[in-house]
$ cat coords14.txt   # compact mmCIF, C-alpha atoms
# COMPACT_ATOMS: atom_id res chain seq x y z
CA MET B 23 7.72 13.54 -105.31
CA ASP B 24 5.64 11.09 -107.32
CA HIS B 25 8.80 9.82 -108.99
CA LEU B 26 10.45 9.02 -105.67
CA ARG B 27 7.32 7.17 -104.62
CA SER B 28 7.51 5.09 -107.81
CA ILE B 29 10.88 3.85 -106.62
CA GLN B 30 9.75 3.41 -103.04
CA SER B 31 6.73 1.38 -104.15
CA LEU B 32 9.00 -1.46 -105.18
CA LYS B 33 9.34 -2.34 -101.51
CA SER B 34 6.66 -3.26 -99.03
CA GLU B 35 4.95 -0.31 -97.38
CA SER B 36 6.09 -1.70 -94.03
CA ASP B 37 9.71 -1.29 -95.01
CA LYS B 38 11.18 1.55 -92.94
CA GLU B 39 13.82 2.24 -95.57
CA MET B 40 11.43 3.46 -98.28
CA ASP B 41 12.25 7.13 -97.86
CA TYR B 42 15.95 6.39 -97.67
CA LEU B 43 15.82 4.35 -100.89
CA GLY B 44 14.07 7.06 -102.84
CA CYS B 45 16.46 9.75 -101.61
CA SER B 46 19.48 7.54 -102.35
CA ALA B 47 18.37 7.10 -105.95
CA TYR B 48 17.81 10.84 -106.29
CA LYS B 49 21.24 11.61 -104.85
CA ARG B 50 22.97 9.34 -107.38
CA HIS B 51 20.86 10.43 -110.33
CA PRO B 52 18.79 13.63 -109.96
CA GLY B 53 17.22 12.74 -113.30
CA VAL B 54 14.74 10.52 -111.44
CA LEU B 55 12.71 13.71 -110.93
CA GLN B 56 12.33 14.34 -114.64
CA ASN B 57 8.80 14.03 -115.98
CA ASN B 58 9.54 11.07 -118.24
CA PHE B 59 11.55 9.00 -115.77
CA PRO B 60 8.70 6.75 -114.56
CA SER B 61 7.48 6.16 -118.12
CA LEU B 62 11.01 5.12 -119.17
CA VAL B 63 11.65 2.90 -116.19
CA ALA B 64 8.32 1.06 -115.90
CA PRO B 65 8.53 -1.09 -119.09
CA ASN B 66 12.17 -1.90 -118.38
CA LEU B 67 11.37 -3.09 -114.86
CA ALA B 68 8.49 -5.17 -116.23
CA LEU B 69 10.84 -6.81 -118.72
CA LEU B 70 13.29 -7.80 -115.97
CA ARG B 71 10.48 -9.31 -113.93
CA GLU B 72 9.33 -11.30 -116.96
CA CYS B 73 12.88 -12.65 -117.28
CA GLY B 74 12.79 -13.82 -113.66
CA VAL B 75 15.22 -11.29 -112.20
CA VAL B 76 14.92 -11.29 -108.41
CA GLU B 77 12.98 -8.30 -107.09
CA SER B 78 15.54 -7.48 -104.40
CA ASN B 79 18.29 -7.41 -107.03
CA ILE B 80 16.24 -5.06 -109.20
CA LEU B 81 15.66 -2.74 -106.25
CA SER B 82 19.33 -2.69 -105.26
CA LYS B 83 20.47 -1.85 -108.78
CA LEU B 84 17.71 0.72 -109.27
CA VAL B 85 18.70 2.58 -106.12
CA ASP B 86 22.44 2.44 -106.78
CA HIS B 87 22.34 3.02 -110.55
CA PRO B 88 18.93 4.37 -111.62
CA ARG B 89 20.41 5.72 -114.86
CA VAL B 90 20.73 2.14 -116.18
CA PHE B 91 16.93 1.79 -116.22
CA ALA B 92 16.25 5.14 -117.89
CA ALA B 93 17.19 3.98 -121.40
CA SER B 94 14.76 3.51 -124.24
CA HIS B 95 12.88 0.25 -123.99
CA GLU B 96 14.17 -0.91 -127.37
CA LYS B 97 17.81 -0.52 -126.34
CA PHE B 98 17.13 -1.99 -122.91
CA LYS B 99 15.39 -5.06 -124.36
CA ARG B 100 18.15 -5.59 -126.92
CA THR B 101 20.81 -5.45 -124.22
CA VAL B 102 18.88 -7.82 -121.94
CA GLU B 103 18.76 -10.35 -124.79
CA GLU B 104 22.51 -9.94 -125.31
CA VAL B 105 23.17 -10.59 -121.62
CA LYS B 106 21.03 -13.73 -121.75
CA LYS B 107 22.90 -14.99 -124.83
CA LEU B 108 26.17 -14.53 -122.97
CA GLY B 109 24.95 -17.12 -120.46
CA PHE B 110 24.12 -14.94 -117.46
CA ASN B 111 21.48 -16.32 -115.12
CA PRO B 112 18.68 -13.81 -114.32
CA LEU B 113 18.51 -15.24 -110.81
CA ARG B 114 22.04 -14.12 -110.03
CA GLN B 115 23.22 -10.62 -109.14
CA ASN B 116 25.80 -10.57 -111.94
CA PHE B 117 23.00 -10.58 -114.54
CA LEU B 118 22.22 -6.96 -113.69
CA SER B 119 25.93 -6.14 -113.37
CA ALA B 120 26.47 -7.38 -116.93
CA LEU B 121 23.43 -5.43 -118.08
CA GLN B 122 24.79 -2.27 -116.46
CA ALA B 123 28.20 -2.73 -118.07
CA LEU B 124 26.79 -3.22 -121.55
CA MET B 125 24.28 -0.39 -121.18
CA GLN B 126 26.92 2.10 -120.11
CA MET B 127 29.51 1.32 -122.78
CA SER B 128 29.36 2.12 -126.47
CA LYS B 129 30.51 -0.49 -128.95
CA SER B 130 33.67 1.49 -129.68
CA THR B 131 34.48 1.60 -125.97
CA ARG B 132 33.95 -2.14 -125.63
CA ASP B 133 36.12 -2.77 -128.68
CA GLY B 134 38.82 -0.60 -127.14
CA LYS B 135 38.78 -2.65 -123.94
CA ASP B 136 38.91 -5.88 -125.97
CA TYR B 137 41.94 -4.56 -127.84
CA VAL B 138 43.75 -3.74 -124.60
CA PHE B 139 43.11 -7.23 -123.24
CA LYS B 140 44.28 -8.80 -126.51
CA GLU B 141 47.45 -6.71 -126.33
CA TRP B 142 48.19 -8.69 -123.17
CA GLY B 143 47.55 -12.00 -124.91
CA TRP B 144 43.97 -12.70 -123.89
CA SER B 145 41.87 -14.71 -126.33
CA ASP B 146 38.23 -13.91 -127.10
CA GLU B 147 37.28 -16.82 -124.84
CA GLU B 148 39.34 -15.43 -121.95
CA ILE B 149 37.79 -11.97 -122.35
CA ALA B 150 34.32 -13.55 -122.27
CA LEU B 151 35.28 -15.61 -119.21
CA ALA B 152 36.56 -12.57 -117.32
CA PHE B 153 33.41 -10.63 -118.16
CA TRP B 154 31.22 -13.54 -117.06
CA LYS B 155 33.05 -13.81 -113.74
CA LEU B 156 33.19 -10.07 -113.08
CA PRO B 157 31.30 -7.75 -115.47
CA PHE B 158 32.78 -4.79 -113.60
CA CYS B 159 36.18 -5.53 -115.18
CA MET B 160 34.94 -4.18 -118.52
CA MET B 161 33.95 -0.90 -116.87
CA LEU B 162 37.52 -0.16 -115.77
CA SER B 163 39.36 2.47 -117.77
CA GLU B 164 41.88 1.35 -120.37
CA TYR B 165 44.59 3.03 -118.31
CA LYS B 166 43.55 1.11 -115.20
CA ILE B 167 43.56 -2.18 -117.12
CA LYS B 168 46.98 -1.51 -118.64
CA ALA B 169 48.52 -0.47 -115.32
CA ALA B 170 47.11 -3.49 -113.48
CA MET B 171 48.15 -5.98 -116.17
CA SER B 172 51.62 -4.44 -116.31
CA PHE B 173 52.01 -4.82 -112.56
CA TYR B 174 50.82 -8.43 -112.40
CA VAL B 175 52.68 -9.64 -115.50
CA ASN B 176 55.89 -7.62 -115.43
CA THR B 177 56.39 -7.08 -111.70
CA VAL B 178 54.74 -10.06 -110.02
CA GLY B 179 55.34 -12.51 -112.88
CA CYS B 180 51.76 -13.74 -113.38
CA LYS B 181 50.67 -15.23 -116.66
CA PRO B 182 48.03 -13.11 -118.44
CA SER B 183 45.70 -16.13 -118.52
CA TYR B 184 45.80 -16.27 -114.71
CA ILE B 185 44.41 -12.73 -114.50
CA ALA B 186 41.68 -13.66 -116.98
CA ASN B 187 40.60 -16.36 -114.54
CA ARG B 188 40.83 -13.97 -111.57
CA PRO B 189 39.48 -10.68 -112.98
CA VAL B 190 38.80 -9.39 -109.47
CA LEU B 191 42.53 -8.65 -109.34
CA LEU B 192 42.10 -5.90 -111.94
CA GLY B 193 39.91 -3.82 -109.67
CA PHE B 194 42.32 -3.40 -106.76
CA SER B 195 44.04 -0.06 -106.27
CA LEU B 196 47.60 -0.13 -107.53
CA ASN B 197 48.75 2.52 -105.09
CA LYS B 198 46.72 1.65 -101.99
CA ARG B 199 46.83 -2.14 -102.07
CA LEU B 200 48.99 -3.82 -104.70
CA ILE B 201 52.26 -1.90 -104.46
CA PRO B 202 52.24 -1.62 -100.61
CA ARG B 203 51.57 -5.35 -100.19
CA TRP B 204 54.12 -6.31 -102.81
CA SER B 205 56.75 -4.05 -101.25
CA LEU B 206 56.23 -5.60 -97.82
CA PHE B 207 56.34 -9.10 -99.30
CA GLN B 208 59.67 -8.31 -101.00
CA VAL B 209 61.14 -7.24 -97.66
CA LEU B 210 59.98 -10.48 -96.04
CA LEU B 211 61.36 -12.44 -98.96
CA SER B 212 64.75 -10.73 -98.76
CA ARG B 213 64.95 -11.71 -95.08
CA GLY B 214 64.05 -15.31 -95.81
CA LEU B 215 60.88 -15.09 -93.76
CA VAL B 216 58.45 -16.25 -96.47
CA GLU B 217 58.48 -18.68 -99.38
CA LYS B 218 59.06 -17.25 -102.85
CA GLU B 219 56.13 -19.25 -104.21
CA ILE B 220 53.10 -17.72 -102.57
CA SER B 221 49.53 -17.50 -103.73
CA VAL B 222 48.72 -14.27 -105.56
CA ARG B 223 45.21 -14.69 -104.23
CA GLU B 224 46.48 -14.79 -100.64
CA LEU B 225 48.75 -11.83 -101.18
CA PHE B 226 46.35 -9.45 -102.91
CA GLU B 227 42.78 -10.71 -102.45
CA SER B 228 42.82 -11.23 -98.70
CA SER B 229 41.16 -8.61 -96.52
CA GLU B 230 43.27 -5.96 -94.84
CA LYS B 231 42.80 -7.74 -91.51
CA ASP B 232 43.81 -11.16 -92.89
CA PHE B 233 46.82 -9.73 -94.73
CA PHE B 234 47.98 -7.94 -91.59
CA GLU B 235 47.65 -11.09 -89.49
CA ARG B 236 49.47 -13.21 -92.08
CA PHE B 237 52.34 -10.95 -93.14
CA VAL B 238 52.90 -8.41 -90.36
CA ILE B 239 51.88 -9.55 -86.88
CA PRO B 240 53.69 -12.96 -86.79
CA TYR B 241 57.13 -11.36 -87.19
CA GLU B 242 56.77 -8.93 -84.27
CA ASP B 243 58.98 -6.47 -86.08
CA PRO B 244 58.16 -2.77 -85.46
CA GLN B 245 60.01 -1.87 -88.67
CA LEU B 246 57.68 -4.06 -90.75
CA LEU B 247 54.66 -2.44 -89.16
CA GLU B 248 56.05 1.02 -89.83
CA LEU B 249 56.95 0.11 -93.40
CA TYR B 250 53.46 -1.14 -94.13
CA LYS B 251 51.83 1.91 -92.58
CA GLN B 252 54.06 4.16 -94.65
CA GLU B 253 53.35 2.26 -97.86
CA VAL B 254 49.59 2.25 -97.35
CA GLY B 255 49.42 5.88 -96.28
CA SER B 256 52.03 7.40 -98.56
CA PHE B 257 49.87 7.72 -101.66
CA LYS B 258 47.03 9.37 -99.76
CA ILE B 259 49.43 11.74 -98.02
CA TYR B 260 51.25 12.79 -101.16
CA GLY B 261 48.08 13.01 -103.21
CA ASN B 262 46.51 15.42 -100.72
CA ALA B 263 49.51 17.67 -100.22
CA ALA B 264 48.55 21.29 -99.65
CA ASP B 265 50.33 22.61 -102.74
CA GLY B 266 48.76 19.92 -104.95
CA HIS B 267 52.10 18.33 -105.84
CA SER B 268 52.54 14.67 -105.00
CA PHE B 269 55.94 13.09 -104.57
CA THR B 270 55.49 11.63 -108.04
CA ALA B 271 54.76 15.03 -109.57
CA SER B 272 57.75 16.58 -107.83
CA TYR B 273 59.98 13.80 -109.07
CA LEU B 274 58.75 14.17 -112.66
CA ILE B 275 59.35 17.92 -112.53
CA ASN B 276 62.81 17.75 -110.94
CA SER B 277 64.22 14.60 -112.55
CA CYS B 278 62.50 14.43 -115.93
CA GLY B 279 61.84 18.05 -116.81
CA PHE B 280 58.04 17.80 -116.81
CA SER B 281 56.02 20.98 -116.56
CA PRO B 282 53.95 21.18 -113.35
CA LYS B 283 50.75 20.74 -115.36
CA ALA B 284 52.04 17.64 -117.19
CA ALA B 285 53.48 16.14 -113.99
CA LEU B 286 50.20 16.55 -112.13
CA ALA B 287 48.28 14.98 -115.02
CA VAL B 288 50.48 11.88 -114.86
CA SER B 289 50.47 11.67 -111.06
CA LYS B 290 46.65 11.62 -110.92
CA ASN B 291 46.68 8.06 -112.24
CA PHE B 292 50.11 6.77 -111.26
CA ASN B 293 52.17 7.22 -108.11
CA PHE B 294 55.30 5.96 -106.40
CA ARG B 295 56.81 6.85 -103.05
CA THR B 296 60.58 6.48 -103.35
CA PRO B 297 62.93 7.45 -106.21
CA GLU B 298 65.19 4.38 -106.34
CA LYS B 299 63.36 2.33 -108.96
CA ALA B 300 62.49 5.35 -111.09
CA ASP B 301 66.14 6.44 -110.94
CA SER B 302 67.28 3.03 -112.18
CA ILE B 303 64.81 3.19 -115.10
CA ILE B 304 65.98 6.65 -116.14
CA SER B 305 69.65 5.62 -115.84
CA PHE B 306 68.95 2.57 -117.99
CA PHE B 307 67.46 4.66 -120.79
CA LYS B 308 70.26 7.22 -120.60
CA ASP B 309 72.83 4.44 -120.84
CA HIS B 310 71.13 3.31 -124.03
CA GLY B 311 71.27 6.68 -125.73
CA PHE B 312 67.91 8.22 -124.87
CA SER B 313 67.81 11.99 -124.54
CA GLN B 314 65.96 13.78 -121.76
CA THR B 315 63.22 14.69 -124.26
CA GLN B 316 62.84 11.06 -125.38
CA ILE B 317 62.71 9.78 -121.80
CA ARG B 318 60.05 12.37 -121.00
CA ALA B 319 58.03 11.25 -124.03
CA LEU B 320 58.25 7.61 -122.88
CA ILE B 321 57.08 8.36 -119.36
CA LYS B 322 54.30 10.70 -120.47
CA ARG B 323 52.74 8.03 -122.68
CA LEU B 324 53.51 5.02 -120.49
CA PRO B 325 54.23 6.14 -116.89
CA GLU B 326 54.07 2.59 -115.50
CA LEU B 327 57.49 2.05 -117.08
CA LEU B 328 58.87 3.61 -113.91
CA ILE B 329 58.04 0.49 -111.85
CA TYR B 330 59.42 -2.08 -114.29
CA ASN B 331 62.60 -4.07 -113.79
CA PRO B 332 64.73 -2.75 -116.69
CA GLU B 333 67.24 -5.60 -116.75
CA LYS B 334 64.50 -8.22 -116.84
CA ILE B 335 61.85 -6.54 -118.97
CA PHE B 336 63.68 -4.12 -121.28
CA LEU B 337 67.24 -5.39 -121.76
CA PRO B 338 66.34 -8.59 -123.72
CA LYS B 339 64.27 -6.51 -126.15
CA PHE B 340 67.04 -3.97 -126.59
CA GLN B 341 69.51 -6.77 -127.22
CA PHE B 342 67.25 -8.24 -129.89
CA PHE B 343 67.05 -4.96 -131.78
CA TYR B 344 70.79 -4.43 -131.44
CA SER B 345 71.35 -7.92 -132.86
CA ARG B 346 69.42 -6.81 -135.97
CA GLY B 347 71.82 -3.95 -136.48
CA VAL B 348 69.70 -1.21 -134.92
CA SER B 349 71.79 1.61 -133.48
CA LYS B 350 71.14 3.12 -130.06
CA SER B 351 70.00 6.42 -131.55
CA LYS B 352 67.64 4.68 -133.99
CA LEU B 353 66.15 2.49 -131.27
CA ALA B 354 65.68 5.50 -128.99
CA SER B 355 63.79 7.25 -131.79
CA ILE B 356 61.56 4.22 -132.42
CA LEU B 357 60.69 3.55 -128.79
CA SER B 358 60.13 7.17 -127.78
CA SER B 359 57.56 7.52 -130.56
CA ASN B 360 56.00 4.13 -129.84
CA PRO B 361 56.78 3.08 -126.23
CA PHE B 362 54.09 0.38 -126.31
CA VAL B 363 56.60 -1.88 -128.05
CA LEU B 364 58.31 -2.19 -124.66
CA ARG B 365 55.17 -3.73 -123.20
CA CYS B 366 54.94 -6.48 -125.83
CA SER B 367 56.30 -9.97 -125.36
CA LEU B 368 59.66 -10.43 -127.05
CA HIS B 369 59.11 -14.03 -128.08
CA ASN B 370 55.35 -13.93 -128.73
CA ARG B 371 55.06 -10.56 -130.47
CA ILE B 372 58.24 -8.68 -131.36
CA VAL B 373 60.33 -11.46 -132.90
CA PRO B 374 57.48 -13.10 -134.88
CA SER B 375 56.22 -9.80 -136.29
CA PHE B 376 59.75 -8.73 -137.20
CA ILE B 377 60.40 -11.97 -139.06
CA TYR B 378 56.98 -11.79 -140.76
CA PHE B 379 57.67 -8.34 -142.17
CA GLU B 380 61.09 -9.42 -143.35
CA ASP B 381 59.59 -12.38 -145.18
CA LEU B 382 56.75 -10.30 -146.60
CA THR B 383 58.76 -7.35 -147.86
CA HIS B 384 62.21 -8.85 -148.44
CA TYR B 385 63.56 -5.65 -146.96
CA ASP B 386 66.53 -5.32 -144.69
CA ASP B 387 66.08 -4.86 -140.96
CA ASP B 388 66.33 -1.09 -141.07
CA LYS B 389 63.36 -0.69 -143.40
CA VAL B 390 61.24 -3.17 -141.46
CA LEU B 391 61.67 -0.96 -138.41
CA VAL B 392 59.62 1.73 -140.15
CA ALA B 393 56.45 -0.27 -139.42
CA TYR B 394 57.32 -0.51 -135.72
CA GLN B 395 57.95 3.19 -135.48
CA HIS B 396 54.71 4.33 -137.10
CA PHE B 397 52.11 1.70 -136.33
CA GLN B 398 51.95 -0.27 -133.10
CA ALA B 399 49.19 -2.61 -134.35
CA VAL B 400 51.83 -4.68 -136.18
CA LEU B 401 52.33 -6.29 -132.77
CA ALA B 402 48.69 -7.29 -132.33
CA ASN B 403 47.97 -11.00 -132.06
CA ASP B 404 45.87 -11.14 -135.22
CA PHE B 405 47.71 -8.58 -137.36
CA GLN B 406 49.57 -11.10 -139.49
CA SER B 407 46.43 -13.13 -140.20
CA LEU B 408 44.60 -9.93 -141.16
CA ILE B 409 47.21 -8.41 -143.43
CA ALA B 410 48.19 -11.53 -145.39
CA PRO B 411 44.87 -12.04 -147.25
CA ASN B 412 44.61 -8.31 -147.95
CA VAL B 413 48.05 -8.24 -149.53
CA ALA B 414 47.04 -11.32 -151.57
CA VAL B 415 43.95 -9.48 -152.90
CA LEU B 416 46.05 -6.53 -154.00
CA ARG B 417 48.42 -8.86 -155.80
CA GLU B 418 45.50 -10.54 -157.56
CA CYS B 419 44.40 -7.08 -158.69
CA ARG B 420 47.90 -6.65 -160.15
CA VAL B 421 48.80 -3.74 -157.93
CA PRO B 422 52.55 -3.31 -158.41
CA GLU B 423 54.52 -5.08 -155.71
CA SER B 424 56.65 -2.00 -155.17
CA ASN B 425 53.52 0.05 -154.36
CA ILE B 426 52.13 -2.50 -151.90
CA LEU B 427 55.33 -2.98 -149.99
CA SER B 428 57.06 0.36 -150.39
CA PRO B 429 58.64 1.97 -147.33
CA GLU B 430 56.19 4.86 -147.83
CA SER B 431 53.25 2.45 -147.50
CA LEU B 432 54.67 1.04 -144.32
CA CYS B 433 55.14 4.54 -142.94
CA HIS B 434 51.38 5.00 -143.35
CA LYS B 435 49.14 2.63 -141.44
CA PRO B 436 49.96 -0.86 -142.77
$ encode --input "coords14.txt" --output "structure tokens"
Amino acid sequence: MDHLRSIQSLKSESDKEMDYLGCSAYKRHPGVLQNNFPSLVAPNLALLRECGVVESNILSKLVDHPRVFAASHEKFKRTVEEVKKLGFNPLRQNFLSALQALMQMSKSTRDGKDYVFKEWGWSDEEIALAFWKLPFCMMLSEYKIKAAMSFYVNTVGCKPSYIANRPVLLGFSLNKRLIPRWSLFQVLLSRGLVEKEISVRELFESSEKDFFERFVIPYEDPQLLELYKQEVGSFKIYGNAADGHSFTASYLINSCGFSPKAALAVSKNFNFRTPEKADSIISFFKDHGFSQTQIRALIKRLPELLIYNPEKIFLPKFQFFYSRGVSKSKLASILSSNPFVLRCSLHNRIVPSFIYFEDLTHYDDDKVLVAYQHFQAVLANDFQSLIAPNVAVLRECRVPESNILSPESLCHKP
């Protein structure tokens, strides 16, 4: 029990919560009882105090996340210096939140998150801004980030830069808050009861009580109240069904041919309550020549496609490829093997990268498509600036042009 007392000693002996604090830390991280825990934690706590971190903030973080303090002193000190260089104030709570985020992520994980944000058009400055405002946003899974960005950009119509300035939006539950509130708002909008231009902050960031008082109670409509209750409760109800199959899983099994195991895997992270929108997505792909197997491959890799507006989000991209002479069967093959193309901006990513490869290779459209099919990074913001100097070096080394720009080379990672 000496280790628990080392945690409790951070508070005044008159504090009645000492025992509770020690037990709370133990519950979250049983490792506090290991022999070396106090020796690991002590120098790290001393370092934070030297930096001026508020004692109450240290205690709160130590109780909630004791594992953060159990790192080697060298790593802990290096990370503290990094947090300070990023401009975090030791007097503020977010200093320790940033420290926790950086301590718990490897460099490769951080790079992966950066890449996801850049896929949505964020600059390095915007990523840094979002992290400074809410360090927690970098601790979200890549899937969570992608699903949230897809909803805000493709469904709500937000600019990616807006989300960078309001990173708190990324942390909200898609199924329990965002989709239910958006669905109710769409009903109000269709009835002419609300303005189309409404603050995203008011719609999604307001408390449950404030949202209810703003968008439900004033209209005195029992149907609205019932709709909202159904939307909020539906995901919990389906997710806890006795046989383990949510509505989403059942739909994927019956309409898309998923195996029960695959359907459940998808439905753990993504859910919907009614089939109408998903039906329209599947019909859209079938109309454009996709087979059942190809549709299943799309949904398995990018399930959030099922909540997109196909006429608004997908059709312009399909029309662009068709205008370049791509057949329906060829396009279905390309997109089913690389569905992430569908998530890219037509005017900011797809068209510029297509034209760049045409200019670089002097190939016809059909051969340029090889790069799209086999390597999605051709759509990254900085891909063109990265590849151009490398191609120039190879040319200076007199590597034959046909070897550099052969279709076989493009089939391998460009």
$ residues_around --input "coords14.txt" --residues "range 300-304 of chain B" --least-positions-apart "6" --cutoff "8 Å" --atoms "all atoms listed in the file" --output "list in words"
Ile317, Leu327, Leu328, Ile329, Tyr330, Asn331 and Pro332 of chain B
$ write_last_selection --input "coords14.txt" --atoms "C-alpha atoms" --output "PDB file, in the frame of the given file"
ATOM      1  CA  ILE B 317      62.710   9.780-121.800  1.00  0.00           C
ATOM      2  CA  LEU B 327      57.490   2.050-117.080  1.00  0.00           C
ATOM      3  CA  LEU B 328      58.870   3.610-113.910  1.00  0.00           C
ATOM      4  CA  ILE B 329      58.040   0.490-111.850  1.00  0.00           C
ATOM      5  CA  TYR B 330      59.420  -2.080-114.290  1.00  0.00           C
ATOM      6  CA  ASN B 331      62.600  -4.070-113.790  1.00  0.00           C
ATOM      7  CA  PRO B 332      64.730  -2.750-116.690  1.00  0.00           C
TER       8      PRO B 332
END
$ residues_around --input "coords14.txt" --residues "Leu246 in chain B" --least-positions-apart "5" --cutoff "9 Å" --atoms "only C-alpha atoms" --output "list in words"
Leu206, Val209, Leu210, Val238, Ile239, Tyr241 and Lys251 of chain B
$ closest_residue --input "coords14.txt" --among "B:Gln126, B:Asn176, B:Ala186, B:Val222" --to "Phe336 in chain B" --atoms "all atoms listed in the file"
B:Asn176
$ atom_distance --input "coords14.txt" --atom1 "CA of Val190 in chain B" --atom2 "CA of Arg114 in chain B"
17.4 Å
$ residues_near_point --input "coords14.txt" --point "(47.8, -14.3, -126.8)" --cutoff "9 Å" --atoms "all atoms listed in the file" --output "PDB file with C-alpha atoms, in the frame of the given file"
ATOM      1  CA  LYS B 140      44.280  -8.800-126.510  1.00  0.00           C
ATOM      2  CA  GLU B 141      47.450  -6.710-126.330  1.00  0.00           C
ATOM      3  CA  TRP B 142      48.190  -8.690-123.170  1.00  0.00           C
ATOM      4  CA  GLY B 143      47.550 -12.000-124.910  1.00  0.00           C
ATOM      5  CA  TRP B 144      43.970 -12.700-123.890  1.00  0.00           C
ATOM      6  CA  SER B 145      41.870 -14.710-126.330  1.00  0.00           C
ATOM      7  CA  PRO B 182      48.030 -13.110-118.440  1.00  0.00           C
ATOM      8  CA  SER B 183      45.700 -16.130-118.520  1.00  0.00           C
ATOM      9  CA  ASN B 370      55.350 -13.930-128.730  1.00  0.00           C
ATOM     10  CA  ARG B 371      55.060 -10.560-130.470  1.00  0.00           C
ATOM     11  CA  ALA B 402      48.690  -7.290-132.330  1.00  0.00           C
ATOM     12  CA  ASN B 403      47.970 -11.000-132.060  1.00  0.00           C
TER      13      ASN B 403
END
$ atom_distance --input "coords14.txt" --atom1 "CA of Ala170 in chain B" --atom2 "CA of Val90 in chain B"
27.1 Å
$ atom_distance --input "coords14.txt" --atom1 "CA of Ser281 in chain B" --atom2 "CA of Pro297 in chain B"
18.4 Å
$ residues_around --input "coords14.txt" --residues "range 103-113 of chain B" --least-positions-apart "4" --cutoff "6 Å" --atoms "only C-alpha atoms" --output "ChimeraX atom specification"
/B:74-76,117
$ closest_residue --input "coords14.txt" --among "B:Thr270, B:Ser355, B:Ser205, B:Asn197" --to "Val178 in chain B" --atoms "all atoms listed in the file"
B:Ser205
